[in-house]
Structures are given as structure tokens and as C-alpha cells.
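Q: Quick one: structure below, then a few questions.
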Amino acid sequence: MSSSSVTNPSVADETLCAQIFQRLHPHVYLERFIAEKIRPDGRTFDEWRNVSVNVGSISTADGSALVRMGDTTIVCGVKAEIAEPELDCPEQGFLVPNIDLPAICSPKFKPGPSTEEAQVLSDRLNEALVASGALSLSSLCIHSGKAVWTLYVDCTCINYDGNAFDAALLAMLSALRNTTQPKATYNEETGRTTCSRKIRSPVQLTRNFVSTSFGVLDTSHVLSDPTAFEEPLMDVTLTVIVDDRGELISTTESGGAISEEMFSGCFNRAKERALQLKD
């Protein structure tokens with residue numbers, strides 16, 4: 001065996017050493033990349049991961065979508081069911097978003113009941129859909145006070161590599177745009193609602209919008225679309241939701257506050273991202 005093969009580690013050995021160092025010293029590992037103005041996956045600070053959207057892939061659902069954002073993959077299905085409306089809102093249907101983060105999608109999630117992170121994400125997704133006013137609940141009315149549509153919008157994360165909120169919201173909106181409902185008629189004499197097997201109509205969304213998330217490291221470095229490795233190392237996370245006209249819908253901050261200048265930069269990036277995904 002030559003001396004060069006003994007003294008020079010192989011590429012596989014170097015990769016293994018880097019992986020061990022990343023696991024043992026994640027902050028230092030990330031900071032070394034940041035010092036070179038690049039991220040561990042090769043992206044610049046303001047670069048987004050590639051996004052792909054496929055709709056209509058679940059034949060048993062009334063609408064569906066599969067979204068890939070980098071290595072984060074989420075599938076969403078919409079199921080329409082008939083229900084009685086609330087007494088104080090006789091002409092409004094229901095929109096029920098939910099996300100599941102099963103153990104199969106990442107080692108960080110354990111088997112069993114829904115995790116707290118999944119419940120928090122579901123609440124945030126519900127707030128985003130309500131705040132946007134993208135779907136008028138009155139459009140889900142079949143007969144005032146008697147029958148309305150309930151849309152169950154269920155997401156499942158197949159592979160988790162960070163920024164599940166942005167991917168899930170995109171999947172939900174794409175699935176809703178793909179959703180059709182059968183024509184329903186309420187019979188006042190019998191008190192029953194019947195649905196047509198042939199006539200269907202699409203769900204009408206009145207607004208298009210996009211969620212964009214950022215992570216702030218050491219109060220000065222803003223990373224767009226953080227990965228699963230980067231997320232827990234961020235000091236502050238910021239989510240900005242804007243519509244396709246660049247109007248702000250809502251923002252969410254966690255971990256602390258950011259400066260107005262930093263927020264302005266994130267807002268401008270969010271508007272650019274909304275235009276990219278619109279195209």
C-alpha cells in the first residue's frame with residue numbers, strides 16, 4: 001500500500017468527518033459556512049429552494065396537491081362533506097385545515113398522537129386561511145340554516161426538511177384550487193340533501209397568496225427558506241404572507257424581534273417570491 005493512500009483520507013472519510021462534526025457542533029458548523037457567505041446546501045442567504053406542484057394526484061379526494069419544496073414534501077387532500085351550519089352563522093360553511101407530521105417523515109418526530117408542532121402548525125395554517133379571506137365561507141352554503149359544505153383540508157408530510165409551514169400552505173391552496181363539489185340540493189319536505197353524481201363545480205378562491213419564511217442568525221444574517229438543519233439554530237424566525245399584488249396579509253415572529261430595516265428587506269423578498277411562484 002502506498003504512503004499516499006495511508007496519509008490522505010478518502011472522500012468518504014472526509015464526508016463522514018464532516019457529518020460527525022455537524023452533529024456534534026451544529027452552531028460552529030453553520031457559522032463556518034456563514035463566514036464564507038454560503039449555506040451548507042450551497043445556497044446563498046436569499047436563495048430559495050426549488051418548488052414543484054402537482055395537482056389531482058389523489059383520485060379518491062375532491063381535490064389534491066403534492067408540493068415539493070427542496071426535500072420537504074407534502075401531500076394534501078380535500079374532502080367535502082355536508083353538515084349543519086352554526087345557529088349564529090346559518091349561511092356559512094366550514095374550512096378545517098390540518099397537518100400531520102408522522103414519524104416516517106423525519107427522525108425528529110416520534111410515533112403516536114399528533115405532535116405539539118403539528119398542532120401549532122395546524123392553528124397557524126387555519127389563521128392564515130382565515131386572515132386572507134381567500135375562501136368565502138358563504139360560498140359553501142347549500143341551504144340557509146339547514147345544510148352547508150365542510151371542507152376538510154388534510155396535509156401529510158412525507159419528507160421533512162424544514163419550512164413545513166410554507167410548503168403546507170402552498171399545498172392547501174393548490175389542493176383547494178383543484179377541488180370540485182357535487183351539485184347539492186336540499187329538500188325542505190324531507191329534510192334531506194341530495195348530491196348529483198355528474199354535475200360538479202369548482203371551489204372559488206377569491207385571493208392568491210404565498211407564505212415566505214426567514215431565519216435570522218446572530219441578529220444580522222437573514223436566511224430565506226431555512227432547512228431542518230438551520231431552523232433550530234436560528235435566533236428569530238419570521239413568516240411573511242403576501243398576495244400576488246404584493247399586499248401584506250399577515251406576519252408571524254418567534255424567538256424575538258427584528259429591526260424595521262430587516263423586516264423591510266424580508267417584505268421585499270416576500271413580494272419577489274410571490275411573483276416567482278405566481279409565474
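Labels used: A, B, ... for chains in the order of the C-alpha cells, numbers from 1 for residues in each chain, and numbers from 1 for ligands as shown.
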Quick one: contact table of segment 29-115 of chain A to segment 170-178 of chain A, 6 Å max, nearest atom pair and distance in Å to one decimal per residue, counting only C-alpha atoms, chain and number order, as JSON lines?

A:
{"residue": "A:Gly63", "atom": "CA", "partner": "A:Asn178", "partner_atom": "CA", "distance": 4.9}
{"residue": "A:Ser64", "atom": "CA", "partner": "A:Ala175", "partner_atom": "CA", "distance": 4.3}
{"residue": "A:Ala65", "atom": "CA", "partner": "A:Ala175", "partner_atom": "CA", "distance": 4.7}
{"residue": "A:Val67", "atom": "CA", "partner": "A:Ala171", "partner_atom": "CA", "distance": 5.6}
{"residue": "A:Cys76", "atom": "CA", "partner": "A:Ala171", "partner_atom": "CA", "distance": 5.9}

Q: Where does segment 233-272 of chain A meet segment 163-168 of chain A within 10 Å, residue by residue, with the nearest atom pair and distance in Å to one decimal for each, counting only C-alpha atoms, listed by chain and rising number, as a Markdown table?

A:
| residue | atom | partner | partner_atom | distance |
| --- | --- | --- | --- | --- |
| A:Thr239 | CA | A:Asp166 | CA | 8.5 |
| A:Val240 | CA | A:Asp166 | CA | 9.8 |
| A:Ile241 | CA | A:Asp166 | CA | 9.3 |

Q: Which residue is closest to Ser254 of chain A? Choose from A:Asp62, A:Val216, A:Phe209, A:Leu169 and count only C-alpha atoms.

A: A:Val216

Q: So which residues touch Ser139 of chain A within 10 Å, counting only C-alpha atoms, skipping near sequence neighbours fewer than 6 positions away, as a list in words?

A: Glu91, Gln92, Gly93, Val148, Trp149, Val203, Gln204 and Leu205 of chain A

Q: May I have the selected residues written with all heavy atoms, as a PDB file, in the first residue's frame?

A:
ATOM      1  N   GLU A  91     -75.539  30.757   7.088  1.00  0.00           N
ATOM      2  CA  GLU A  91     -75.190  30.685   5.676  1.00  0.00           C
ATOM      3  C   GLU A  91     -73.699  30.477   5.448  1.00  0.00           C
ATOM      4  O   GLU A  91     -73.206  30.691   4.346  1.00  0.00           O
ATOM      5  CB  GLU A  91     -75.659  31.951   4.953  1.00  0.00           C
ATOM      6  CG  GLU A  91     -77.173  32.134   4.953  1.00  0.00           C
ATOM      7  CD  GLU A  91     -77.619  33.330   4.159  1.00  0.00           C
ATOM      8  OE1 GLU A  91     -76.743  34.123   3.764  1.00  0.00           O
ATOM      9  OE2 GLU A  91     -78.829  33.481   3.947  1.00  0.00           O
ATOM     10  N   GLN A  92     -72.994  30.058   6.494  1.00  0.00           N
ATOM     11  CA  GLN A  92     -71.546  29.865   6.369  1.00  0.00           C
ATOM     12  C   GLN A  92     -71.167  28.406   6.573  1.00  0.00           C
ATOM     13  O   GLN A  92     -71.603  27.762   7.533  1.00  0.00           O
ATOM     14  CB  GLN A  92     -70.789  30.728   7.387  1.00  0.00           C
ATOM     15  CG  GLN A  92     -70.864  32.211   7.088  1.00  0.00           C
ATOM     16  CD  GLN A  92     -69.924  33.019   7.968  1.00  0.00           C
ATOM     17  OE1 GLN A  92     -69.207  32.474   8.799  1.00  0.00           O
ATOM     18  NE2 GLN A  92     -69.933  34.329   7.773  1.00  0.00           N
ATOM     19  N   GLY A  93     -70.346  27.899   5.643  1.00  0.00           N
ATOM     20  CA  GLY A  93     -69.823  26.557   5.768  1.00  0.00           C
ATOM     21  C   GLY A  93     -68.574  26.536   6.632  1.00  0.00           C
ATOM     22  O   GLY A  93     -68.279  27.491   7.358  1.00  0.00           O
ATOM     23  N   VAL A 148     -74.730  22.973   4.777  1.00  0.00           N
ATOM     24  CA  VAL A 148     -73.561  23.664   4.234  1.00  0.00           C
ATOM     25  C   VAL A 148     -72.472  22.632   3.963  1.00  0.00           C
ATOM     26  O   VAL A 148     -72.538  21.486   4.432  1.00  0.00           O
ATOM     27  CB  VAL A 148     -73.012  24.732   5.212  1.00  0.00           C
ATOM     28  CG1 VAL A 148     -74.023  25.845   5.435  1.00  0.00           C
ATOM     29  CG2 VAL A 148     -72.615  24.091   6.548  1.00  0.00           C
ATOM     30  N   TRP A 149     -71.483  23.052   3.201  1.00  0.00           N
ATOM     31  CA  TRP A 149     -70.324  22.196   2.949  1.00  0.00           C
ATOM     32  C   TRP A 149     -69.266  22.395   4.035  1.00  0.00           C
ATOM     33  O   TRP A 149     -69.017  23.513   4.481  1.00  0.00           O
ATOM     34  CB  TRP A 149     -69.696  22.501   1.600  1.00  0.00           C
ATOM     35  CG  TRP A 149     -70.472  22.015   0.419  1.00  0.00           C
ATOM     36  CD1 TRP A 149     -71.148  22.771  -0.490  1.00  0.00           C
ATOM     37  CD2 TRP A 149     -70.634  20.655   0.002  1.00  0.00           C
ATOM     38  NE1 TRP A 149     -71.734  21.980  -1.446  1.00  0.00           N
ATOM     39  CE2 TRP A 149     -71.439  20.669  -1.163  1.00  0.00           C
ATOM     40  CE3 TRP A 149     -70.204  19.425   0.501  1.00  0.00           C
ATOM     41  CZ2 TRP A 149     -71.797  19.510  -1.843  1.00  0.00           C
ATOM     42  CZ3 TRP A 149     -70.553  18.266  -0.171  1.00  0.00           C
ATOM     43  CH2 TRP A 149     -71.344  18.310  -1.316  1.00  0.00           C
ATOM     44  N   VAL A 203     -64.374  24.965  -6.389  1.00  0.00           N
ATOM     45  CA  VAL A 203     -64.321  25.883  -5.253  1.00  0.00           C
ATOM     46  C   VAL A 203     -63.692  27.190  -5.739  1.00  0.00           C
ATOM     47  O   VAL A 203     -62.669  27.181  -6.437  1.00  0.00           O
ATOM     48  CB  VAL A 203     -63.482  25.281  -4.104  1.00  0.00           C
ATOM     49  CG1 VAL A 203     -63.194  26.326  -3.035  1.00  0.00           C
ATOM     50  CG2 VAL A 203     -64.211  24.085  -3.499  1.00  0.00           C
ATOM     51  N   GLN A 204     -64.304  28.310  -5.368  1.00  0.00           N
ATOM     52  CA  GLN A 204     -63.840  29.615  -5.840  1.00  0.00           C
ATOM     53  C   GLN A 204     -62.990  30.305  -4.780  1.00  0.00           C
ATOM     54  O   GLN A 204     -63.497  30.682  -3.721  1.00  0.00           O
ATOM     55  CB  GLN A 204     -65.048  30.504  -6.204  1.00  0.00           C
ATOM     56  CG  GLN A 204     -65.920  29.948  -7.319  1.00  0.00           C
ATOM     57  CD  GLN A 204     -65.189  29.895  -8.652  1.00  0.00           C
ATOM     58  OE1 GLN A 204     -64.284  30.683  -8.913  1.00  0.00           O
ATOM     59  NE2 GLN A 204     -65.588  28.943  -9.493  1.00  0.00           N
ATOM     60  N   LEU A 205     -61.697  30.433  -5.078  1.00  0.00           N
ATOM     61  CA  LEU A 205     -60.819  31.216  -4.211  1.00  0.00           C
ATOM     62  C   LEU A 205     -60.768  32.646  -4.733  1.00  0.00           C
ATOM     63  O   LEU A 205     -60.573  32.860  -5.930  1.00  0.00           O
ATOM     64  CB  LEU A 205     -59.414  30.622  -4.178  1.00  0.00           C
ATOM     65  CG  LEU A 205     -59.260  29.237  -3.552  1.00  0.00           C
ATOM     66  CD1 LEU A 205     -57.785  28.840  -3.529  1.00  0.00           C
ATOM     67  CD2 LEU A 205     -59.829  29.202  -2.142  1.00  0.00           C
TER      68      LEU A 205
END
